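Structure data follow from model.txt (compact mmCIF, C-alpha atoms and all ligand atoms):
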# COMPACT_ATOMS: atom_id res chain seq x y z
CA MET A 6 -34.65 -37.30 -63.09
CA ASP A 7 -35.12 -40.87 -64.23
CA LYS A 8 -32.37 -43.28 -63.44
CA VAL A 9 -31.16 -45.84 -65.91
CA GLU A 10 -32.73 -49.17 -65.12
CA GLY A 11 -30.42 -51.38 -63.12
CA GLU A 12 -28.52 -48.43 -61.73
CA GLN A 13 -31.29 -47.45 -59.39
CA GLU A 14 -30.10 -47.34 -55.82
CA GLN A 15 -31.84 -49.90 -53.68
CA ASP A 16 -33.98 -48.32 -50.98
CA GLN A 17 -34.29 -51.55 -48.98
CA ALA A 18 -31.63 -53.90 -47.77
CA GLN A 19 -31.49 -57.39 -49.23
CA LEU A 20 -32.84 -59.96 -46.81
CA ILE A 21 -30.44 -62.71 -45.83
CA ASP A 22 -32.80 -65.68 -45.66
CA GLY A 23 -31.36 -67.75 -42.83
CA LYS A 24 -34.20 -70.20 -42.92
CA ALA A 25 -33.60 -71.02 -46.60
CA ILE A 26 -29.80 -71.15 -46.24
CA ALA A 27 -30.15 -73.41 -43.18
CA GLU A 28 -32.48 -75.68 -45.15
CA THR A 29 -29.86 -75.97 -47.92
CA ILE A 30 -27.18 -76.86 -45.38
CA ARG A 31 -29.45 -79.41 -43.72
CA GLY A 32 -29.94 -81.02 -47.11
CA GLU A 33 -26.16 -81.21 -47.54
CA ILE A 34 -25.84 -82.80 -44.10
CA ARG A 35 -28.64 -85.28 -44.84
CA ASP A 36 -26.84 -86.40 -48.03
CA GLU A 37 -23.52 -86.77 -46.23
CA VAL A 38 -25.09 -88.75 -43.37
CA ALA A 39 -26.75 -91.07 -45.90
CA ARG A 40 -23.41 -91.54 -47.68
CA LEU A 41 -21.69 -92.36 -44.41
CA LYS A 42 -24.35 -94.89 -43.46
CA GLU A 43 -24.12 -96.53 -46.85
CA GLU A 44 -20.32 -96.65 -46.82
CA SER A 45 -20.41 -98.36 -43.43
CA GLY A 46 -22.93 -100.92 -44.66
CA GLY A 47 -25.51 -99.52 -42.27
CA ARG A 48 -23.32 -100.08 -39.23
CA PHE A 49 -22.51 -96.44 -38.52
CA GLU A 50 -24.95 -93.72 -37.53
CA PRO A 51 -24.10 -90.23 -36.22
CA GLY A 52 -25.57 -89.53 -32.78
CA LEU A 53 -26.30 -86.41 -30.72
CA ALA A 54 -27.18 -86.37 -27.02
CA VAL A 55 -29.19 -83.46 -25.65
CA VAL A 56 -29.38 -82.87 -21.91
CA LEU A 57 -32.15 -80.64 -20.61
CA VAL A 58 -32.38 -79.63 -16.96
CA GLY A 59 -35.52 -77.92 -15.70
CA GLU A 60 -38.81 -76.91 -17.30
CA ARG A 61 -38.10 -73.64 -19.12
CA LYS A 62 -40.57 -73.35 -22.00
CA ASP A 63 -38.04 -71.74 -24.38
CA SER A 64 -35.41 -74.41 -23.65
CA GLN A 65 -37.98 -77.16 -24.25
CA THR A 66 -38.85 -75.57 -27.61
CA TYR A 67 -35.19 -75.34 -28.68
CA VAL A 68 -34.46 -78.89 -27.59
CA ARG A 69 -37.47 -80.12 -29.53
CA SER A 70 -36.32 -78.40 -32.73
CA LYS A 71 -32.79 -79.77 -32.27
CA LYS A 72 -34.13 -83.32 -32.00
CA LYS A 73 -36.41 -82.76 -35.00
CA GLY A 74 -33.43 -81.46 -36.96
CA CYS A 75 -31.51 -84.63 -36.10
CA GLU A 76 -34.35 -86.85 -37.20
CA GLU A 77 -34.63 -85.10 -40.57
CA ALA A 78 -30.89 -85.37 -41.13
CA GLY A 79 -30.70 -89.05 -40.23
CA ILE A 80 -28.81 -88.35 -37.01
CA LYS A 81 -29.85 -90.43 -34.01
CA SER A 82 -30.78 -88.29 -31.04
CA PHE A 83 -30.48 -89.29 -27.42
CA GLY A 84 -32.13 -87.21 -24.74
CA THR A 85 -32.02 -86.93 -20.98
CA ASP A 86 -34.44 -84.65 -19.15
CA LEU A 87 -33.71 -83.90 -15.52
CA PRO A 88 -35.88 -81.92 -13.11
CA GLU A 89 -34.98 -78.39 -11.98
CA THR A 90 -34.14 -79.92 -8.59
CA ALA A 91 -31.45 -82.25 -9.99
CA THR A 92 -28.02 -81.96 -8.44
CA GLU A 93 -24.87 -80.92 -10.26
CA GLU A 94 -23.52 -84.41 -9.63
CA GLU A 95 -26.52 -85.97 -11.39
CA VAL A 96 -25.94 -83.81 -14.48
CA LEU A 97 -22.23 -84.67 -14.40
CA ALA A 98 -23.10 -88.36 -14.24
CA VAL A 99 -25.28 -88.05 -17.36
CA VAL A 100 -22.49 -86.21 -19.19
CA ARG A 101 -19.95 -88.89 -18.24
CA GLU A 102 -22.27 -91.61 -19.46
CA TYR A 103 -22.59 -89.94 -22.87
CA ASN A 104 -18.83 -89.31 -22.95
CA ALA A 105 -18.33 -93.06 -22.71
CA ASP A 106 -21.10 -94.03 -25.16
CA PRO A 107 -19.64 -94.80 -28.62
CA ARG A 108 -23.04 -94.19 -30.30
CA VAL A 109 -22.87 -90.54 -29.20
CA HIS A 110 -20.67 -88.14 -31.21
CA GLY A 111 -21.99 -84.87 -29.85
CA ILE A 112 -23.20 -83.78 -26.41
CA LEU A 113 -25.22 -80.65 -25.81
CA VAL A 114 -26.20 -79.47 -22.36
CA GLN A 115 -28.95 -76.92 -22.92
CA LEU A 116 -28.22 -73.54 -21.32
CA PRO A 117 -29.08 -71.80 -19.12
CA LEU A 118 -28.74 -74.36 -16.34
CA PRO A 119 -30.53 -73.85 -13.01
CA SER A 120 -28.69 -71.24 -10.95
CA HIS A 121 -27.58 -73.71 -8.28
CA MET A 122 -25.27 -75.41 -10.79
CA ASP A 123 -21.79 -74.43 -11.87
CA GLU A 124 -22.28 -74.13 -15.62
CA GLU A 125 -18.58 -74.05 -16.44
CA LYS A 126 -17.88 -77.16 -14.40
CA ILE A 127 -20.52 -79.07 -16.35
CA LEU A 128 -19.39 -77.76 -19.75
CA MET A 129 -15.81 -78.71 -18.88
CA ALA A 130 -16.90 -82.26 -18.16
CA ILE A 131 -17.97 -82.75 -21.79
CA SER A 132 -15.34 -84.70 -23.69
CA ILE A 133 -13.53 -82.34 -26.07
CA GLU A 134 -14.21 -84.65 -29.05
CA LYS A 135 -17.95 -84.45 -28.35
CA ASP A 136 -18.21 -80.72 -27.56
CA VAL A 137 -20.45 -79.88 -30.53
CA ASP A 138 -21.48 -76.59 -28.88
CA GLY A 139 -17.84 -75.51 -28.87
CA PHE A 140 -18.26 -74.11 -25.34
CA HIS A 141 -15.42 -76.05 -23.68
CA PRO A 142 -12.67 -73.60 -22.62
CA GLU A 143 -10.16 -75.65 -24.61
CA ASN A 144 -12.18 -75.16 -27.81
CA ILE A 145 -12.61 -71.43 -27.11
CA GLY A 146 -8.89 -71.19 -26.36
CA LYS A 147 -7.92 -72.88 -29.61
CA LEU A 148 -10.29 -70.57 -31.50
CA ALA A 149 -8.38 -67.61 -30.07
CA MET A 150 -4.97 -68.95 -31.09
CA ARG A 151 -3.35 -68.34 -34.45
CA GLY A 152 -2.12 -71.53 -36.03
CA ARG A 153 -4.57 -73.66 -34.08
CA ASP A 154 -8.05 -74.87 -34.90
CA PRO A 155 -10.75 -75.79 -32.41
CA ASP A 156 -12.35 -79.24 -32.64
CA PHE A 157 -15.70 -77.46 -32.87
CA VAL A 158 -16.71 -73.84 -33.43
CA CYS A 159 -19.68 -72.48 -31.45
CA CYS A 160 -22.85 -72.83 -33.50
CA THR A 161 -24.32 -69.32 -33.43
CA PRO A 162 -21.11 -67.46 -34.38
CA LYS A 163 -20.30 -70.12 -36.97
CA GLY A 164 -23.79 -69.78 -38.45
CA SER A 165 -23.47 -65.99 -38.52
CA VAL A 166 -20.25 -66.11 -40.52
CA GLU A 167 -21.68 -68.84 -42.76
CA LEU A 168 -24.57 -66.47 -43.59
CA LEU A 169 -22.08 -63.82 -44.71
CA GLU A 170 -20.10 -66.30 -46.77
CA ARG A 171 -23.10 -67.90 -48.45
CA SER A 172 -24.39 -64.40 -49.28
CA ASN A 173 -21.03 -63.54 -50.94
CA ILE A 174 -20.39 -60.71 -48.49
CA PRO A 175 -16.63 -60.12 -48.31
CA ILE A 176 -15.03 -60.31 -44.85
CA ALA A 177 -11.27 -60.06 -45.40
CA GLY A 178 -10.00 -56.50 -45.06
CA LYS A 179 -13.42 -55.21 -43.97
CA SER A 180 -14.18 -53.53 -40.70
CA ALA A 181 -16.53 -55.46 -38.45
CA VAL A 182 -18.17 -54.50 -35.19
CA VAL A 183 -19.50 -57.13 -32.81
CA VAL A 184 -22.02 -55.80 -30.29
CA GLY A 185 -21.77 -57.86 -27.09
CA ARG A 186 -18.98 -59.91 -25.54
CA SER A 187 -20.63 -63.10 -24.28
CA ASN A 188 -18.64 -66.32 -24.14
CA ILE A 189 -21.09 -68.09 -26.41
CA VAL A 190 -21.68 -65.50 -29.13
CA GLY A 191 -19.94 -62.12 -29.10
CA THR A 192 -16.41 -63.19 -28.21
CA PRO A 193 -16.22 -66.24 -30.49
CA ALA A 194 -17.88 -64.24 -33.32
CA ALA A 195 -15.14 -61.62 -33.01
CA MET A 196 -12.45 -64.31 -33.11
CA LEU A 197 -14.00 -65.97 -36.17
CA LEU A 198 -14.19 -62.69 -38.09
CA GLN A 199 -10.61 -61.89 -37.15
CA ARG A 200 -9.52 -65.33 -38.41
CA ARG A 201 -11.12 -64.36 -41.73
CA ASN A 202 -8.98 -61.21 -41.77
CA ALA A 203 -11.61 -58.65 -40.82
CA THR A 204 -10.56 -55.76 -38.58
CA VAL A 205 -12.72 -56.34 -35.55
CA THR A 206 -14.02 -54.03 -32.82
CA VAL A 207 -16.09 -55.36 -29.93
CA VAL A 208 -18.47 -52.92 -28.25
CA HIS A 209 -20.37 -53.85 -25.10
CA SER A 210 -22.48 -52.58 -22.23
CA ARG A 211 -19.61 -50.47 -20.87
CA THR A 212 -18.70 -48.86 -24.20
CA PRO A 213 -19.61 -45.15 -24.24
CA ASN A 214 -21.24 -44.24 -27.57
CA PRO A 215 -21.14 -47.61 -29.32
CA GLU A 216 -22.65 -45.94 -32.41
CA LYS A 217 -19.30 -44.20 -32.94
CA TYR A 218 -17.77 -47.58 -33.85
CA ILE A 219 -20.81 -49.11 -35.51
CA ARG A 220 -20.95 -46.20 -37.99
CA GLU A 221 -17.59 -47.28 -39.42
CA ALA A 222 -18.52 -50.95 -39.81
CA ASP A 223 -18.97 -52.82 -43.08
CA ILE A 224 -20.25 -55.77 -41.04
CA VAL A 225 -22.27 -55.57 -37.82
CA ILE A 226 -22.98 -58.63 -35.70
CA ALA A 227 -25.45 -57.69 -32.99
CA ALA A 228 -25.49 -60.02 -29.98
CA CYS A 229 -26.10 -57.91 -26.89
CA GLY A 230 -29.52 -59.28 -25.91
CA VAL A 231 -31.24 -55.89 -25.86
CA ALA A 232 -34.31 -55.56 -28.10
CA ASN A 233 -33.89 -53.01 -30.93
CA PHE A 234 -30.58 -51.77 -29.48
CA VAL A 235 -28.86 -50.92 -32.78
CA ARG A 236 -30.65 -48.04 -34.53
CA GLY A 237 -30.86 -47.41 -38.26
CA ASP A 238 -28.94 -44.15 -38.14
CA TRP A 239 -26.01 -45.91 -36.40
CA LEU A 240 -25.32 -47.92 -39.54
CA LYS A 241 -23.05 -47.19 -42.44
CA PRO A 242 -25.17 -47.20 -45.60
CA GLY A 243 -24.80 -50.48 -47.45
CA CYS A 244 -23.34 -52.45 -44.53
CA ALA A 245 -24.22 -56.07 -43.75
CA VAL A 246 -26.16 -56.67 -40.53
CA ILE A 247 -26.35 -60.04 -38.78
CA ASP A 248 -28.87 -59.87 -35.95
CA VAL A 249 -28.32 -62.60 -33.36
CA GLY A 250 -30.89 -61.26 -30.89
CA ILE A 251 -34.04 -63.18 -30.03
CA ASN A 252 -36.04 -61.03 -27.64
CA ALA A 253 -39.66 -61.70 -26.81
CA VAL A 254 -41.83 -58.58 -26.66
CA ASP A 255 -45.50 -58.64 -25.60
CA ASP A 256 -47.88 -58.68 -28.54
CA PRO A 257 -51.52 -59.48 -27.75
CA THR A 258 -52.29 -59.85 -31.48
CA LYS A 259 -50.13 -63.02 -31.57
CA LYS A 260 -51.30 -66.49 -30.59
CA ARG A 261 -48.36 -66.90 -28.22
CA GLY A 262 -48.95 -63.43 -26.73
CA TYR A 263 -45.50 -62.22 -27.80
CA ARG A 264 -43.38 -61.78 -30.87
CA LEU A 265 -39.63 -62.06 -31.40
CA VAL A 266 -37.50 -59.05 -32.19
CA GLY A 267 -33.77 -58.81 -32.69
CA ASP A 268 -31.05 -56.62 -31.19
CA VAL A 269 -31.33 -54.38 -34.26
CA CYS A 270 -34.26 -52.08 -34.98
CA PHE A 271 -35.20 -53.85 -38.19
CA GLU A 272 -37.66 -51.27 -39.57
CA GLU A 273 -34.97 -48.58 -39.42
CA ALA A 274 -32.00 -50.73 -40.37
CA VAL A 275 -33.62 -52.22 -43.46
CA LYS A 276 -33.64 -48.70 -44.99
CA VAL A 277 -29.90 -48.19 -44.48
CA ALA A 278 -28.15 -51.56 -44.61
CA GLY A 279 -27.16 -53.37 -47.80
CA GLN A 280 -28.04 -56.80 -46.39
CA ILE A 281 -29.79 -57.79 -43.18
CA THR A 282 -31.02 -60.93 -41.43
CA PRO A 283 -34.62 -61.01 -40.20
CA VAL A 284 -35.69 -62.19 -36.74
CA PRO A 285 -37.05 -64.83 -36.73
CA GLY A 286 -35.75 -66.62 -39.82
CA GLY A 287 -32.16 -65.37 -39.70
CA VAL A 288 -29.46 -66.64 -37.36
CA GLY A 289 -31.74 -68.93 -35.27
CA PRO A 290 -32.24 -71.63 -37.90
CA MET A 291 -28.50 -71.48 -38.70
CA THR A 292 -27.62 -72.29 -35.08
CA ILE A 293 -29.41 -75.60 -35.40
CA ALA A 294 -27.94 -76.32 -38.83
CA MET A 295 -24.42 -75.74 -37.43
CA LEU A 296 -25.14 -78.05 -34.50
CA LEU A 297 -26.05 -80.82 -36.93
CA GLN A 298 -22.96 -80.01 -39.01
CA ASN A 299 -20.72 -80.19 -35.93
CA THR A 300 -22.30 -83.50 -34.93
CA LEU A 301 -21.64 -84.87 -38.42
CA GLU A 302 -18.02 -83.66 -38.25
CA GLY A 303 -17.56 -85.33 -34.88
CA ALA A 304 -19.14 -88.52 -36.17
CA LYS A 305 -16.89 -88.56 -39.24
CA LYS A 306 -13.78 -88.26 -37.07
CA ALA A 307 -14.97 -91.10 -34.85
CA TYR A 308 -15.80 -93.19 -37.91
CA GLU A 309 -12.37 -92.64 -39.47
CA GLN A 310 -10.67 -93.56 -36.19
CA GLY A 311 -12.80 -96.66 -35.82
CA LYS A 312 -12.03 -97.97 -39.31
N1 LIG B 1 -26.06 -75.49 -25.04
C1 LIG B 1 -26.76 -74.62 -25.74
N2 LIG B 1 -26.53 -74.50 -27.07
C2 LIG B 1 -27.24 -73.62 -27.82
O1 LIG B 1 -27.01 -73.49 -29.04
C3 LIG B 1 -28.26 -72.84 -27.19
C4 LIG B 1 -28.44 -73.00 -25.81
N3 LIG B 1 -27.68 -73.88 -25.12
N4 LIG B 1 -29.38 -72.26 -25.16
C5 LIG B 1 -30.24 -71.33 -25.85
C6 LIG B 1 -29.62 -70.81 -27.13
C7 LIG B 1 -30.61 -70.24 -28.13
N5 LIG B 1 -30.54 -71.11 -29.29
C8 LIG B 1 -31.39 -71.00 -30.39
C9 LIG B 1 -31.52 -72.00 -31.33
C10 LIG B 1 -32.43 -71.89 -32.38
C11 LIG B 1 -33.21 -70.79 -32.51
C12 LIG B 1 -34.20 -70.71 -33.61
O2 LIG B 1 -34.35 -71.63 -34.40
N6 LIG B 1 -34.97 -69.63 -33.72
C13 LIG B 1 -35.99 -69.45 -34.75
C14 LIG B 1 -37.39 -69.21 -34.20
C15 LIG B 1 -37.65 -69.63 -32.80
C16 LIG B 1 -39.06 -69.31 -32.32
O3 LIG B 1 -39.94 -69.00 -33.14
O4 LIG B 1 -39.25 -69.38 -31.10
C17 LIG B 1 -35.64 -68.24 -35.59
O5 LIG B 1 -34.88 -67.38 -35.13
O6 LIG B 1 -36.15 -68.15 -36.69
C18 LIG B 1 -33.09 -69.77 -31.60
C19 LIG B 1 -32.17 -69.87 -30.57
C20 LIG B 1 -29.62 -72.08 -29.06
N7 LIG B 1 -29.04 -71.93 -27.87
MG MG B 2 -22.58 -57.30 -23.12
Let me see the structure of the file written as structure tokens.
Amino acid sequence: MDKVEGEQEQDQAQLIDGKAIAETIRGEIRDEVARLKEESGGRFEPGLAVVLVGERKDSQTYVRSKKKGCEEAGIKSFGTDLPETATEEEVLAVVREYNADPRVHGILVQLPLPSHMDEEKILMAISIEKDVDGFHPENIGKLAMRGRDPDFVCCTPKGSVELLERSNIPIAGKSAVVVGRSNIVGTPAAMLLQRRNATVTVVHSRTPNPEKYIREADIVIAACGVANFVRGDWLKPGCAVIDVGINAVDDPTKKRGYRLVGDVCFEEAVKVAGQITPVPGGVGPMTIAMLLQNTLEGAKKAYEQGK
């Protein structure tokens, strides 16, 4: 039987275009940076410092796109590259230098650090007012507390929620499942959704039958780091899927020799979900946009205090 036009059920999820949404946000940041520079008579410029230790190809790529993002937004970027063999004390010294530098409003130490370093010790050394990654335990702690706000919210979870909001997907009163409990994505994502009045369940590597919970979810944020982990038939029809995963799988047909896939089996999920982010082009570009946004926020606070 023919269906009335417009009432036809969609057989494919709507794509949430993270790349386009991130580009819009970057434009907003660029305008605000320009306004700030003008207001200060050219004396004030937001600045981000990026510290890279070691020679990991993926880290080098990310750091390059962060610096490029800064440049496009009118944010000054500072960079320190240290060799894999650097000592923890050398990294701490760089962090302290940027802590004290008034031109720097955000400090990012690219993770993962070489295994001989105590990651938490280094993250804790970053001044709380410059912790644009939002990884400092004090920022995570404030995020977890009702009635408190962190100075900065971690970029990937913040970008994930921003994608929902800018796609007009309701969060309050909805049931959300976060897959994965990492300090930098899963846990803060769960706290952010809870702050927006979702009812949140976190499933992880020790959860028997995670699909049992995912099937009830209006919103799924997948951040477990396992390629194609969430299957299409685990999803509630019409749900919103935010796929944080970036897993490289071998693909000889690609120039690079691999392609990126998410933590959700996209080909299956796109037939069931109502909205879904692609990988690449979903959460990844938002992470960088949120980093620039956090840097701008930090800069504005410093500017107001300096006036
Ligand atoms: N201190 C710290 N802060 C971070 O925010 C941080 C980090 N360390 N370590 C590594 C992860 C990963 N991360 C990404 C950023 C952008 C993309 C991104 O732009 N991805 C593109 C494509 C990338 C490609 O094609 O290789 C996309 O998904 O469309 C991905 C991943 C930030 N991280
Ligand atoms: Mg896990």
At a cut-off of 7 Å and counting only C-alpha atoms and all ligand atoms, what residues surround ligand LIG 1 (chain B)? Please answer as a PyMOL selection string. chain A and resi 24+64+67+113-117+138+160-161+251+284-290+292-293
| Polymer residues at most 12 Å from (-10.6, -64.2, -41.9) by all atoms listed in the file, as a list of chain:residue names |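 Every polymer residue passing the test: A:Arg151, A:Val166, A:Leu169, A:Glu170, A:Pro175, A:Ile176, A:Ala177, A:Gly178, A:Lys179, A:Ser180, A:Ala181, A:Ala194, A:Ala195, A:Met196, A:Leu197, A:Leu198, A:Gln199, A:Arg200, A:Arg201, A:Asn202, A:Ala203, A:Thr204, A:Val205.
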* **Surroundings of ligand MG 2 (chain B) up to 7 Å, based on all atoms listed in the file, as a ChimeraX atom specification** => /A:185-187,209-210,229
So that I can see what lies close to region 73-83 of chain A, please list as a VMD selection string the residues with an atom at most 12 Å from it, counting only C-alpha atoms and leaving out residues fewer than 4 positions away in the same chain.
chain A and resid 27 to 43 47 49 to 57 66 to 69 99 to 100 102 to 103 106 108 to 114 290 to 304
Requested write-out: C-alpha atoms of the selected residues, as a compact mmCIF listing (two decimals), keeping the file's coordinate frame:
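Printed below is selection25.txt as written:
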# COMPACT_ATOMS: atom_id res chain seq x y z
CA ALA A 27 -30.15 -73.41 -43.18
CA GLU A 28 -32.48 -75.68 -45.15
CA THR A 29 -29.86 -75.97 -47.92
CA ILE A 30 -27.18 -76.86 -45.38
CA ARG A 31 -29.45 -79.41 -43.72
CA GLY A 32 -29.94 -81.02 -47.11
CA GLU A 33 -26.16 -81.21 -47.54
CA ILE A 34 -25.84 -82.80 -44.10
CA ARG A 35 -28.64 -85.28 -44.84
CA ASP A 36 -26.84 -86.40 -48.03
CA GLU A 37 -23.52 -86.77 -46.23
CA VAL A 38 -25.09 -88.75 -43.37
CA ALA A 39 -26.75 -91.07 -45.90
CA ARG A 40 -23.41 -91.54 -47.68
CA LEU A 41 -21.69 -92.36 -44.41
CA LYS A 42 -24.35 -94.89 -43.46
CA GLU A 43 -24.12 -96.53 -46.85
CA GLY A 47 -25.51 -99.52 -42.27
CA PHE A 49 -22.51 -96.44 -38.52
CA GLU A 50 -24.95 -93.72 -37.53
CA PRO A 51 -24.10 -90.23 -36.22
CA GLY A 52 -25.57 -89.53 -32.78
CA LEU A 53 -26.30 -86.41 -30.72
CA ALA A 54 -27.18 -86.37 -27.02
CA VAL A 55 -29.19 -83.46 -25.65
CA VAL A 56 -29.38 -82.87 -21.91
CA LEU A 57 -32.15 -80.64 -20.61
CA THR A 66 -38.85 -75.57 -27.61
CA TYR A 67 -35.19 -75.34 -28.68
CA VAL A 68 -34.46 -78.89 -27.59
CA ARG A 69 -37.47 -80.12 -29.53
CA VAL A 99 -25.28 -88.05 -17.36
CA VAL A 100 -22.49 -86.21 -19.19
CA GLU A 102 -22.27 -91.61 -19.46
CA TYR A 103 -22.59 -89.94 -22.87
CA ASP A 106 -21.10 -94.03 -25.16
CA ARG A 108 -23.04 -94.19 -30.30
CA VAL A 109 -22.87 -90.54 -29.20
CA HIS A 110 -20.67 -88.14 -31.21
CA GLY A 111 -21.99 -84.87 -29.85
CA ILE A 112 -23.20 -83.78 -26.41
CA LEU A 113 -25.22 -80.65 -25.81
CA VAL A 114 -26.20 -79.47 -22.36
CA PRO A 290 -32.24 -71.63 -37.90
CA MET A 291 -28.50 -71.48 -38.70
CA THR A 292 -27.62 -72.29 -35.08
CA ILE A 293 -29.41 -75.60 -35.40
CA ALA A 294 -27.94 -76.32 -38.83
CA MET A 295 -24.42 -75.74 -37.43
CA LEU A 296 -25.14 -78.05 -34.50
CA LEU A 297 -26.05 -80.82 -36.93
CA GLN A 298 -22.96 -80.01 -39.01
CA ASN A 299 -20.72 -80.19 -35.93
CA THR A 300 -22.30 -83.50 -34.93
CA LEU A 301 -21.64 -84.87 -38.42
CA GLU A 302 -18.02 -83.66 -38.25
CA GLY A 303 -17.56 -85.33 -34.88
CA ALA A 304 -19.14 -88.52 -36.17
Selection near Gln15 (chain A), 9 Å with only C-alpha atoms, sequence-local residues under 4 positions removed, as a PyMOL selection string:
chain A and resi 19+276+279
From the list A:Asp154, A:Leu97, A:Val190, A:Gly23, the nearest residue to Arg171 (chain A) using only C-alpha atoms is A:Gly23
Shell of 8 Å around Val231 (chain A), all atoms listed in the file, local chain residues under 3 positions omitted, as a JSON list (two decimals) with C-alpha atoms, keeping the file's coordinate frame:
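Final file, part.json:
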[["chain", "number", "residue", "atom", "x", "y", "z"],
["A", 234, "PHE", "CA", -30.58, -51.77, -29.48],
["A", 250, "GLY", "CA", -30.89, -61.26, -30.89],
["A", 252, "ASN", "CA", -36.04, -61.03, -27.64],
["A", 267, "GLY", "CA", -33.77, -58.81, -32.69],
["A", 268, "ASP", "CA", -31.05, -56.62, -31.19]]
Compile the contact shell of Pro142 (chain A) as a PDB file with C-alpha atoms, in the frame of the given file: residues with an atom at most 12 Å away, counting all atoms listed in the file, same-chain residues fewer than 4 positions apart removed.
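Below is the file that was written, result-v9.pdb:
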ATOM      1  CA  GLU A 124     -22.280 -74.130 -15.620  1.00  0.00           C
ATOM      2  CA  GLU A 125     -18.580 -74.050 -16.440  1.00  0.00           C
ATOM      3  CA  LYS A 126     -17.880 -77.160 -14.400  1.00  0.00           C
ATOM      4  CA  ILE A 127     -20.520 -79.070 -16.350  1.00  0.00           C
ATOM      5  CA  LEU A 128     -19.390 -77.760 -19.750  1.00  0.00           C
ATOM      6  CA  MET A 129     -15.810 -78.710 -18.880  1.00  0.00           C
ATOM      7  CA  ALA A 130     -16.900 -82.260 -18.160  1.00  0.00           C
ATOM      8  CA  ILE A 131     -17.970 -82.750 -21.790  1.00  0.00           C
ATOM      9  CA  SER A 132     -15.340 -84.700 -23.690  1.00  0.00           C
ATOM     10  CA  ILE A 133     -13.530 -82.340 -26.070  1.00  0.00           C
ATOM     11  CA  ASP A 136     -18.210 -80.720 -27.560  1.00  0.00           C
ATOM     12  CA  ASP A 138     -21.480 -76.590 -28.880  1.00  0.00           C
ATOM     13  CA  GLY A 146      -8.890 -71.190 -26.360  1.00  0.00           C
ATOM     14  CA  LYS A 147      -7.920 -72.880 -29.610  1.00  0.00           C
ATOM     15  CA  LEU A 148     -10.290 -70.570 -31.500  1.00  0.00           C
ATOM     16  CA  ALA A 149      -8.380 -67.610 -30.070  1.00  0.00           C
ATOM     17  CA  PRO A 155     -10.750 -75.790 -32.410  1.00  0.00           C
ATOM     18  CA  ASP A 156     -12.350 -79.240 -32.640  1.00  0.00           C
ATOM     19  CA  PHE A 157     -15.700 -77.460 -32.870  1.00  0.00           C
ATOM     20  CA  VAL A 158     -16.710 -73.840 -33.430  1.00  0.00           C
ATOM     21  CA  CYS A 159     -19.680 -72.480 -31.450  1.00  0.00           C
ATOM     22  CA  ASN A 188     -18.640 -66.320 -24.140  1.00  0.00           C
ATOM     23  CA  ILE A 189     -21.090 -68.090 -26.410  1.00  0.00           C
ATOM     24  CA  PRO A 193     -16.220 -66.240 -30.490  1.00  0.00           C
TER      25      PRO A 193
END
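We find CA of Arg220 (chain A) and CA of Arg264 (chain A) to be spaced 28.2 Å apart.
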Correct to one decimal, the distance CA of Arg101 (chain A)-CA of Pro162 (chain A) is 26.9 Å
As a CSV table (one decimal), in the coordinates of the input, the rebuilt region 26-36 of chain A with N, CA and C atoms:
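As a result, part-v4.csv now contains:
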chain,number,residue,atom,x,y,z
A,26,ILE,N,-31.2,-70.7,-46.2
A,26,ILE,CA,-29.8,-71.2,-46.2
A,26,ILE,C,-29.6,-72.3,-45.3
A,27,ALA,N,-30.3,-72.3,-44.1
A,27,ALA,CA,-30.2,-73.4,-43.2
A,27,ALA,C,-30.7,-74.7,-43.8
A,28,GLU,N,-31.8,-74.5,-44.5
A,28,GLU,CA,-32.5,-75.7,-45.2
A,28,GLU,C,-31.5,-76.3,-46.2
A,29,THR,N,-30.8,-75.5,-46.9
A,29,THR,CA,-29.9,-76.0,-47.9
A,29,THR,C,-28.8,-76.8,-47.2
A,30,ILE,N,-28.3,-76.2,-46.1
A,30,ILE,CA,-27.2,-76.9,-45.4
A,30,ILE,C,-27.7,-78.2,-44.8
A,31,ARG,N,-28.9,-78.2,-44.3
A,31,ARG,CA,-29.4,-79.4,-43.7
A,31,ARG,C,-29.6,-80.5,-44.8
A,32,GLY,N,-29.9,-80.1,-46.0
A,32,GLY,CA,-29.9,-81.0,-47.1
A,32,GLY,C,-28.6,-81.6,-47.4
A,33,GLU,N,-27.5,-80.8,-47.3
A,33,GLU,CA,-26.2,-81.2,-47.5
A,33,GLU,C,-25.8,-82.2,-46.4
A,34,ILE,N,-26.2,-81.9,-45.2
A,34,ILE,CA,-25.8,-82.8,-44.1
A,34,ILE,C,-26.6,-84.1,-44.3
A,35,ARG,N,-27.8,-84.1,-44.6
A,35,ARG,CA,-28.6,-85.3,-44.8
A,35,ARG,C,-28.0,-86.2,-45.9
A,36,ASP,N,-27.5,-85.6,-47.0
A,36,ASP,CA,-26.8,-86.4,-48.0
A,36,ASP,C,-25.6,-87.0,-47.5
